[in-house]
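*Asks:* Structure in C-alpha cells, see below.
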Amino acid sequence: MTRFSVVVPAHRVQGYLRECLDSVLTQSFGDLELIVVDDASPDACAAIAGEYAEGDGRAQLVRIPARAGVGSARAVGADRATGDYLLFLDGDDLLLPGALAAVDAALRVHEDPDVLLFAHERTDWWENVRAGGDDLTGDPLAATVAVWNRVFRRPFWHERRLGFPQGAYEDVVPVQRATLDAGDGVAVLDRACVRWRERRAGSFAKTPGRAHLALAARYEELLAAADPAERTRLFPPAIAHLLAVLEDPGRIGEADRRDFFREAARVHRTYAPQGLAPRTPEEKALATASWGAYEGLRRAETRRLRVARKLKRQKKKLRARAMKAAYRTDLRRGLDPALAVYGAYWNRGVSCNPAAIHAKARELAPHIRGVWVVSSRNKHKVPAGVEYVIEGSRSYWRTMARATYLINNSSFPGGFTKRPGQVYLQTHHGTPLKKMGLDQRRYPAGTHGISFQKVLDHTDQWDLSLSANPHSTEVWERVYPSASYQALEAGYPRNDVYFGVDEAEVARIRGELGVADGRTVLLYAPTHRDYQKGFLPRVDLRRFVERLGPSYVVLVRAHYFYGADAGLDDHPRLVDVTGHARVEDLCLAADALVTDYSSLMFDYACLDRPIVTYAPDWQAYRLARGTYFDLLSGRPGETPGAVATSEEELAALFTDGGWDAPDAARLRSAFRDRFCPYDDGRAAERVVRRLFLSGAPEGAPQAS
C-alpha cells in the first residue's frame with residue numbers, strides 16, 4: 001500500500017500549481033500518490049495537472065464538472081486515495097524538501113498515530129519567509145487550524161466520517177474534530193514541512209467580506225456537539241481564532257466588523273464553560289458583548305498604524321500638489337471615448353505589439369484616434385501620418401488624462417493617475433525565459449535598483465494582460481500578482497506579420513538589406529546580460545562567417561540596450577542591422593535564427609524555420625538572471641532546435657548540416673506547439689475587437 005496520498009485541490013492557481021506539484025513529486029521519499037482535483041477551474045490548472053499525470057505514474061487528475069468548492073474537492077480526493085496517510089496540500093503552497101521523509105520517520109517513531117501535526121513556514125508575495133509561529137509543545141487544538149499542517153491516518157479519517165462542510169472555513173470542523181477524537185493519538189513533528197503562501201490577490205485570506213462570518217458558525221457546530229470536557233479544551237483556542245480573524249483587515253472589512261463581533265460574542269455567551277475567566281481585555285469585551293469596549297482597545301492598539309497611514313496620506317498629497325496644474329485640470333474633464341494612447345519600450349518609438357494593435361485599429365476601428373508617446377530623442381522614428389506626443393509635455397499630460405484606452409508593452413512615464421473608466425492593456429514584449437517581476441528578487445544582479453512596490457503599483461493599473469501562450473499566462477499571474485487584471489490569451493499581434501507572407505515580400509526585404517539572391521541568411525540576435533557592459537559577442541563573427549563560406553550572410557542585431565550599432569568589423573557578409581526599425585522584417589529575411597536567451601526565439605518559432613541556440617555561458621546566465629526552464633535540456637518544448645556551447649560547435653552545426661537536421665526539426669515543432677498556440681495571423685484583430693469593438697469574439701484563438 002502507498003504510504004502517502006497527497007490531495008491537491010486546484011482552482012485558479014495556474015501560476016503556482018507547477019511549483020506545488022514539483023515540490024511533491026521531487027520528494028526524496030517517493031512512496032506516494034498525488035491526486036490533483038480540478039475544481040472546474042477556468043484557467044490552465046487541469047491542463048497542467050494532466051501534463052504531470054502523463055509524465056509521472058504517481059500523479060492523477062480528477063476533474064469536477066462544476067465548481068464545488070475546496071472542501072468538496074478535497075473530499076473527492078480523499079475518496080480516491082489509497083495511501084496509509086492523507087496529506088491535503090493547497091495548489092499554491094509547497095511541500096518543503098525532505099518533508100515526507102521526516103513525516104514518515106516521525107510516524108514510525110510514534111507507531112503510526114491517527115494524526116501527526118507538523119510545523120510550517122509562511123511566505124508572502126515578496127518571498128519573505130518566516131516561521132509559522134505555532135507552539136507545538138502546547139495543546140494541538142491551539143495550533144493553526146488548517147488541514148495542510150498535519151497528516152491523517154486514512155482509515156481513521158473515514159471511520160470518523162471526517163468530511164468538509166460547504167462554505168468558508170471548511171477545514172475547521174474536521175481538523176479540530178480529528179484532534180479531539182484522536183486524543184493521545186495526536187503526535188507532533190517540530191519541523192516545518194509545508195510553506196504556506198500568502199498571496200497578494202486572489203485568495204480567500206485576502207478577500208474581505210461577509211463570508212468570513214461563517215467562522216462563528218463552524219465553532220458553534222463544534223462546541224454544540226462537544227461534551228463538557230471537550231468544550232473546556234476547545235473553547236479557548238476557538239475564541240482566540242475568532243478574535244484573530246476579527247482583527248485581520250484582510251478578512252474583515254470595517255462594514256462587517258461589528259456584525260462579526262456580535263457573532264463571536266454570541267458564541268462566547270452560549271458556550272463559555274462555567275468558571276472560565278476571560279484571558280485578555282479583548283476577550284473580556286467579547287464576554288460582555290461590549291462593542292464600545294472592544295473598539296476602545298482597538299483604537300489604542302492601532303494608534304501607531306493610524307499615524308503611519310496619516311504620514312502616507314500626507315506624502316500622497318505632496319505628490320498630488322507636485323502634479324502639473326494643467327494635468328489636474330484635465331483630470332476633471334470627461335474621458336474621450338475615441339482616444340487611445342500607445343507606448344512601447346519606454347517611449348523608444350512605434351513598435352512591437354502596440355504598433356500592430358494600432359495598425360489594425362486604424363483598419364477595423366477607424367473611429368479610434370491613436371496617439372503615441374515617445375521621447376524627444378526618438379520622435380524622428382515615428383512614421384509619417386502617425387500622431388504622437390512627447391513624454392512630459394503639456395500634450396502628453398492632456399492625452400494621458402483624457403484617453404479612454406491605454407496600450408503599452410512597458411509603462412507610461414511620469415506616474416500618471418489612472419482614472420475610472422480608463423482601460424489599460426499591458427501587452428508585454430516577450431515570452432519569459434528569464435525570471436521576471438517578483439521572481440527577480442531572487443537575482444539582485446539583474447534588478448538594478450528596481451522598486452518592486454512600484455512594479456506592483458503599476459500592475460494594479462492593468463485591466464488586461466496580453467498573453468502569447470499558456471506558459472506566459474502562468475508566469476504573469478504569479479510574478480505580477482493583482483486582482484485588477486484579466487489575462488487576454490490572444491497571441492502576440494506583432495507576430496501576425498509572419499503569416500501569409502509570400503516569397504516576393506521576403507525577396508523585397510532581403511534586397512533592401514543588400515543580400516544577394518541565393519544566399520543563406522542567418523540572423524544572429526543575442527540578448528543582453530546584466531553582468532556585461534556593451535555588446536561583446538561570444539563568437540568571433542568575422543572568423544565565423546569566413547568559415548561558413550560565401551553562400552552565407554550573417555545579419556547581426558545587438559540588443560537595443562547597447563546602442564544603435566554593433567560596432568562590427570567591415571565585412572561583405574556581415575550586416576549590422578542593430579538600428580533596423582523592424583525586427584520582424586529581419587526575421588522574415590532570415591533562413592535561421594542564431595540566438596542565446598533572447599525572447600525573439602519564441603516569435604521566430606512562428607515561422608517554423610531553424611533556431612540554433614548558442615549558449616556558451618548558460619550556467620553563468622542562469623545563476624545571474626534565473627530561468628523558467630532549461631533551454632539546453634534537449635527536451636521537447638524546452639529546446640527549440642540545435643544547440644552549441646562553443647564557437648567550434650556553432651560553426652560545425654552549419655558546415656555539417658546539424659542546424660536543420662530531423663532531430664532539430666522535431667524539437668522546433670514541439671517548441672512551436674508550446675509557445676505559439678494562439679499565433680495564427682489574427683492576434684491583432686482579436687485584441688482590437690476585444691478592446692475597441694465591445695469584445696466581438698471573432699477569430700478566437702485555438703491552442704494546438
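We name chains A, B, ... following the order of the C-alpha cells; residues begin at 1 in each chain, and ligands are numbered from 1 as shown.
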Report as number ranges by chain: the residues of stretch 443-680 of chain A with a DSSP assignment of strand (DSSP E or B), based on the backbone of this structure.
*Replies:* A: 464-467, 486-489, 520-524, 552-556, 574-576, 592-595, 611-614, 627, 643-644
*Asks:* Quick one: everything within 12 Å of stretch 22-24 of chain A, counting only C-alpha atoms, minus sequence neighbours fewer than 5 positions away in the same chain. Send it as a CSV table (one decimal) with N, CA and C atoms, in the first residue's frame.
*Replies:*
chain,number,residue,atom,x,y,z
A,4,PHE,N,1.7,7.6,1.4
A,4,PHE,CA,1.1,8.9,1.5
A,4,PHE,C,0.2,9.2,0.3
A,5,SER,N,-1.0,9.7,0.5
A,5,SER,CA,-1.9,10.2,-0.6
A,5,SER,C,-1.9,11.7,-0.4
A,6,VAL,N,-1.3,12.4,-1.4
A,6,VAL,CA,-1.3,13.9,-1.3
A,6,VAL,C,-2.4,14.4,-2.2
A,7,VAL,N,-3.4,15.1,-1.6
A,7,VAL,CA,-4.5,15.6,-2.3
A,7,VAL,C,-4.4,17.1,-2.5
A,8,VAL,N,-4.5,17.5,-3.7
A,8,VAL,CA,-4.3,18.9,-4.1
A,8,VAL,C,-5.5,19.4,-4.8
A,16,TYR,N,0.9,29.0,-9.8
A,16,TYR,CA,1.6,28.4,-8.7
A,16,TYR,C,1.6,26.8,-8.7
A,17,LEU,N,0.7,26.3,-9.6
A,17,LEU,CA,0.5,24.8,-9.5
A,17,LEU,C,1.7,24.0,-9.8
A,29,PHE,N,11.5,11.0,-0.4
A,29,PHE,CA,10.6,9.9,-0.1
A,29,PHE,C,9.6,9.8,-1.2
A,30,GLY,N,9.7,8.7,-2.0
A,30,GLY,CA,8.8,8.7,-3.2
A,30,GLY,C,7.6,7.8,-3.1
A,31,ASP,N,7.4,7.2,-2.0
A,31,ASP,CA,6.2,6.2,-1.9
A,31,ASP,C,5.0,7.0,-1.6
A,32,LEU,N,4.4,7.6,-2.7
A,32,LEU,CA,3.3,8.5,-2.6
A,32,LEU,C,2.4,8.4,-3.9
A,33,GLU,N,1.2,8.9,-3.7
A,33,GLU,CA,0.4,9.1,-4.9
A,33,GLU,C,-0.1,10.6,-4.8
A,34,LEU,N,-0.2,11.2,-5.9
A,34,LEU,CA,-0.6,12.6,-6.0
A,34,LEU,C,-1.9,12.7,-6.7
A,35,ILE,N,-2.9,13.2,-6.0
A,35,ILE,CA,-4.3,13.3,-6.6
A,35,ILE,C,-4.6,14.8,-6.7
A,36,VAL,N,-4.6,15.3,-7.9
A,36,VAL,CA,-5.0,16.7,-8.2
A,36,VAL,C,-6.4,16.7,-8.6
A,48,ILE,N,-2.3,21.7,-16.7
A,48,ILE,CA,-1.1,21.5,-16.0
A,48,ILE,C,-1.1,20.1,-15.3
A,49,ALA,N,-2.1,19.9,-14.6
A,49,ALA,CA,-2.2,18.6,-13.8
A,49,ALA,C,-2.2,17.4,-14.8
A,51,GLU,N,-0.7,17.2,-17.6
A,51,GLU,CA,0.6,17.1,-18.1
A,51,GLU,C,1.5,16.3,-17.1
A,52,TYR,N,1.3,16.6,-15.8
A,52,TYR,CA,2.1,15.9,-14.8
A,52,TYR,C,1.6,14.4,-14.7
A,53,ALA,N,0.3,14.2,-14.8
A,53,ALA,CA,-0.3,12.8,-14.7
A,53,ALA,C,0.3,12.0,-15.9
A,55,GLY,N,3.2,12.4,-17.3
A,55,GLY,CA,4.6,12.2,-17.1
A,55,GLY,C,5.1,11.4,-15.9
A,56,ASP,N,4.2,11.2,-14.9
A,56,ASP,CA,4.6,10.5,-13.7
A,56,ASP,C,3.4,9.6,-13.3
A,58,ARG,N,2.7,8.3,-10.6
A,58,ARG,CA,2.2,8.5,-9.3
A,58,ARG,C,1.1,9.6,-9.2
A,59,ALA,N,1.0,10.4,-10.3
A,59,ALA,CA,0.1,11.5,-10.3
A,59,ALA,C,-1.2,11.2,-11.1
A,87,LEU,N,-2.6,13.6,3.1
A,87,LEU,CA,-2.0,14.9,3.3
A,87,LEU,C,-2.7,15.8,2.3
A,88,PHE,N,-3.3,16.9,2.8
A,88,PHE,CA,-4.0,17.8,2.0
A,88,PHE,C,-3.1,19.1,1.8
A,89,LEU,N,-2.8,19.4,0.5
A,89,LEU,CA,-1.9,20.5,0.2
A,89,LEU,C,-2.6,21.4,-0.8
A,90,ASP,N,-2.7,22.7,-0.5
A,90,ASP,CA,-3.3,23.6,-1.4
A,90,ASP,C,-2.4,23.8,-2.6
A,91,GLY,N,-3.1,24.2,-3.7
A,91,GLY,CA,-2.4,24.3,-5.0
A,91,GLY,C,-1.4,25.4,-5.1
A,92,ASP,N,-1.4,26.4,-4.2
A,92,ASP,CA,-0.5,27.4,-4.2
A,92,ASP,C,0.6,27.3,-3.1
A,93,ASP,N,0.6,26.2,-2.4
A,93,ASP,CA,1.6,26.0,-1.3
A,93,ASP,C,2.6,25.0,-1.8
A,94,LEU,N,3.6,24.8,-0.9
A,94,LEU,CA,4.8,24.0,-1.2
A,94,LEU,C,5.0,22.9,-0.1
A,95,LEU,N,5.4,21.7,-0.5
A,95,LEU,CA,5.9,20.7,0.4
A,95,LEU,C,7.4,20.9,0.4
A,96,LEU,N,7.9,21.2,1.6
A,96,LEU,CA,9.3,21.5,1.6
A,96,LEU,C,10.2,20.3,1.4
A,97,PRO,N,11.4,20.5,0.9
A,97,PRO,CA,12.3,19.3,0.6
A,97,PRO,C,12.5,18.5,1.9
A,98,GLY,N,12.5,17.2,1.7
A,98,GLY,CA,12.7,16.2,2.7
A,98,GLY,C,11.5,16.1,3.7
A,99,ALA,N,10.4,16.8,3.4
A,99,ALA,CA,9.2,16.8,4.3
A,99,ALA,C,8.7,15.4,4.5
A,100,LEU,N,8.4,14.6,3.4
A,100,LEU,CA,7.8,13.3,3.6
A,100,LEU,C,8.7,12.3,4.3
A,101,ALA,N,10.0,12.4,4.0
A,101,ALA,CA,10.9,11.5,4.7
A,101,ALA,C,10.8,11.8,6.2
A,193,CYS,N,7.3,21.5,7.4
A,193,CYS,CA,7.1,20.6,6.3
A,193,CYS,C,6.4,21.2,5.1
A,194,VAL,N,5.6,22.3,5.4
A,194,VAL,CA,4.8,23.0,4.3
A,194,VAL,C,5.1,24.5,4.4
A,195,ARG,N,5.2,25.1,3.2
A,195,ARG,CA,5.3,26.5,3.1
A,195,ARG,C,4.0,27.1,2.6
*Asks:* Would you kindly return, as a list in words, each protein, DNA or RNA residue with an atom no farther than 10 Å from any atom of A:Asp576, considering only C-alpha atoms and excluding same-chain residues fewer than 3 positions away?
*Replies:*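 My list of contacting residues is Leu513, Tyr524, Val554, Leu555, Val556, Arg557, Ala558, Ala564, Asp565, Ala566, Gly567, Leu568, Asp569, Asp570, His571, Arg573, Gly579 and His580 of chain A.
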*Asks:* One decimal, Å: what's the distance from atom CA of A:Tyr396 over to atom CA of A:Ile450, could you say?
*Replies:* 24.7 Å
*Asks:* Compile the contact shell of A:Lys284 as a JSON list (two decimals) with N, CA and C atoms, in the first residue's frame: residues with an atom at most 9 Å away, counting only C-alpha atoms, same-chain residues fewer than 6 positions apart removed.
*Replies:*
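Saved the output as result.json:
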[["chain", "number", "residue", "atom", "x", "y", "z"],
["A", 277, "ALA", "N", -12.59, 32.27, 33.17],
["A", 277, "ALA", "CA", -12.49, 33.73, 33.12],
["A", 277, "ALA", "C", -11.82, 34.17, 31.81],
["A", 278, "PRO", "N", -12.22, 35.32, 31.26],
["A", 278, "PRO", "CA", -11.55, 35.85, 30.07],
["A", 278, "PRO", "C", -10.06, 36.06, 30.32],
["A", 290, "SER", "N", -19.49, 43.89, 24.68],
["A", 290, "SER", "CA", -19.34, 45.34, 24.67],
["A", 290, "SER", "C", -18.53, 45.78, 23.45],
["A", 293, "ALA", "N", -16.26, 48.79, 24.24],
["A", 293, "ALA", "CA", -15.01, 48.46, 24.92],
["A", 293, "ALA", "C", -14.00, 47.87, 23.94],
["A", 294, "TYR", "N", -14.48, 47.01, 23.06],
["A", 294, "TYR", "CA", -13.57, 46.41, 22.09],
["A", 294, "TYR", "C", -12.99, 47.48, 21.16]]
*Asks:* Hey, which of A:Ala106, A:Ala401, A:Leu650, A:Val553 ends up closest to A:Thr329? Count only C-alpha atoms.
*Replies:*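 Ranked by minimum distance to A:Thr329, first place goes to A:Ala401.
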*Asks:* Within 12 Å of A:Leu136, counting only C-alpha atoms, which residues qualify if same-chain residues fewer than 4 places away don't, as a CSV table (one decimal) with N, CA, C and O atoms, in the first residue's frame?
*Replies:*
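Ended up saving to part-v3.csv:
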chain,number,residue,atom,x,y,z
A,116,LEU,N,-0.7,13.4,12.8
A,116,LEU,CA,0.6,13.9,13.1
A,116,LEU,C,0.6,15.4,12.7
A,116,LEU,O,0.4,15.7,11.5
A,117,LEU,N,0.8,16.3,13.6
A,117,LEU,CA,0.8,17.7,13.4
A,117,LEU,C,2.3,18.1,13.2
A,117,LEU,O,3.2,17.7,13.9
A,118,PHE,N,2.5,19.0,12.2
A,118,PHE,CA,3.9,19.4,12.0
A,118,PHE,C,3.9,20.9,11.8
A,118,PHE,O,2.9,21.6,11.6
A,119,ALA,N,5.1,21.5,11.9
A,119,ALA,CA,5.3,22.9,11.8
A,119,ALA,C,5.2,23.4,10.3
A,119,ALA,O,5.3,22.5,9.4
A,120,HIS,N,5.1,24.7,10.1
A,120,HIS,CA,5.0,25.2,8.7
A,120,HIS,C,5.7,26.5,8.7
A,120,HIS,O,6.0,27.2,9.7
A,132,GLY,N,6.0,29.6,11.0
A,132,GLY,CA,4.5,29.7,11.1
A,132,GLY,C,4.0,30.2,12.5
A,132,GLY,O,2.9,30.8,12.5
A,140,PRO,N,-2.5,20.7,20.8
A,140,PRO,CA,-2.6,20.8,19.3
A,140,PRO,C,-3.8,21.5,18.8
A,140,PRO,O,-3.8,22.0,17.7
A,141,LEU,N,-4.9,21.7,19.7
A,141,LEU,CA,-6.0,22.5,19.3
A,141,LEU,C,-5.7,23.9,19.1
A,141,LEU,O,-6.4,24.7,18.4
A,142,ALA,N,-4.6,24.4,19.7
A,142,ALA,CA,-4.2,25.8,19.6
A,142,ALA,C,-3.4,26.1,18.4
A,142,ALA,O,-3.0,27.3,18.2
A,143,ALA,N,-2.9,25.1,17.7
A,143,ALA,CA,-2.1,25.3,16.5
A,143,ALA,C,-3.0,25.9,15.4
A,143,ALA,O,-4.2,25.9,15.5
A,144,THR,N,-2.3,26.4,14.4
A,144,THR,CA,-3.0,26.9,13.2
A,144,THR,C,-4.0,25.9,12.7
A,144,THR,O,-3.7,24.8,12.5
A,149,ASN,N,-1.4,21.3,7.6
A,149,ASN,CA,-0.2,21.3,8.5
A,149,ASN,C,-0.2,20.0,9.4
A,149,ASN,O,0.3,20.0,10.5
A,150,ARG,N,-0.8,18.9,8.8
A,150,ARG,CA,-0.9,17.7,9.5
A,150,ARG,C,-1.2,16.6,8.5
A,150,ARG,O,-1.7,16.8,7.4
A,186,VAL,N,-2.6,11.9,18.8
A,186,VAL,CA,-2.0,13.0,18.1
A,186,VAL,C,-0.5,13.1,18.4
A,186,VAL,O,-0.1,13.3,19.6
A,187,ALA,N,0.3,13.0,17.4
A,187,ALA,CA,1.7,13.2,17.5
A,187,ALA,C,2.2,14.5,16.9
A,187,ALA,O,1.4,15.1,16.1
A,188,VAL,N,3.4,14.9,17.3
A,188,VAL,CA,3.9,16.2,16.8
A,188,VAL,C,5.3,16.1,16.2
A,188,VAL,O,6.1,15.4,16.8
A,189,LEU,N,5.5,16.8,15.1
A,189,LEU,CA,6.8,16.9,14.5
A,189,LEU,C,7.2,18.3,14.4
A,189,LEU,O,6.6,19.1,13.7
A,190,ASP,N,8.2,18.7,15.2
A,190,ASP,CA,8.6,20.1,15.3
A,190,ASP,C,9.6,20.4,14.2
A,190,ASP,O,10.8,20.7,14.4
A,191,ARG,N,9.1,20.3,13.0
A,191,ARG,CA,9.9,20.6,11.8
A,191,ARG,C,8.9,21.2,10.7
A,191,ARG,O,7.8,20.6,10.5
A,192,ALA,N,9.3,22.2,10.1
A,192,ALA,CA,8.5,22.8,9.0
A,192,ALA,C,8.5,21.9,7.8
A,192,ALA,O,9.5,21.6,7.2
*Asks:* Rank A:Val497, A:Val594, A:Val575, A:Met601 by their smallest atom-to-atom distance to A:Gly430, using only C-alpha atoms, and report the top residue only.
*Replies:*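 Comparing A:Val497, A:Val594, A:Val575, A:Met601 against A:Gly430, the winner is A:Met601.
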*Asks:* Choose the residue, out of A:Phe261, A:Tyr85, A:Tyr604, A:Trp618, that has the smallest atom-to-atom separation from A:Thr431; count only C-alpha atoms.
*Replies:* A:Tyr604
*Asks:* Any idea what's packed within 10 Å of A:Ser72, counting only C-alpha atoms, ignoring anything in its chain fewer than 6 positions away? Could you give it as a list in words?
*Replies:*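 The residues that qualify are Pro9, Val37, Asp39, Ile64, Ala78, Gly163, Phe164, Pro165, Gln166, Gly167 and Glu170 of chain A.
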*Asks:* Can those selected residues be exported to a file as a compact mmCIF listing (two decimals), in the first residue's frame so that it contains N, CA and C atoms?
*Replies:*
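Written out: again.txt:
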# COMPACT_ATOMS: atom_id res chain seq x y z
N PRO A 9 -6.37 20.24 -4.18
CA PRO A 9 -7.47 20.88 -4.90
C PRO A 9 -6.92 22.03 -5.73
N VAL A 37 -7.23 17.50 -7.85
CA VAL A 37 -8.66 17.60 -8.12
C VAL A 37 -8.94 18.97 -8.72
N ASP A 39 -11.15 21.66 -9.62
CA ASP A 39 -12.47 22.10 -9.18
C ASP A 39 -13.07 23.04 -10.24
N ILE A 64 -13.80 17.81 -11.61
CA ILE A 64 -15.16 18.05 -11.16
C ILE A 64 -15.83 18.92 -12.21
N ALA A 78 -9.90 12.60 -1.19
CA ALA A 78 -9.80 11.65 -0.08
C ALA A 78 -10.49 10.34 -0.41
N GLY A 163 -15.45 14.86 7.21
CA GLY A 163 -15.64 15.46 5.91
C GLY A 163 -15.59 16.97 6.00
N PHE A 164 -15.81 17.62 4.87
CA PHE A 164 -15.72 19.07 4.81
C PHE A 164 -17.10 19.65 4.54
N PRO A 165 -17.60 20.51 5.42
CA PRO A 165 -18.89 21.15 5.16
C PRO A 165 -18.77 22.15 4.01
N GLN A 166 -19.88 22.51 3.42
CA GLN A 166 -19.89 23.50 2.35
C GLN A 166 -19.64 24.89 2.93
N GLY A 167 -18.96 25.71 2.15
CA GLY A 167 -18.76 27.09 2.55
C GLY A 167 -17.37 27.36 3.10
N GLU A 170 -14.01 25.59 5.84
CA GLU A 170 -14.47 24.21 5.80
C GLU A 170 -13.54 23.24 6.52
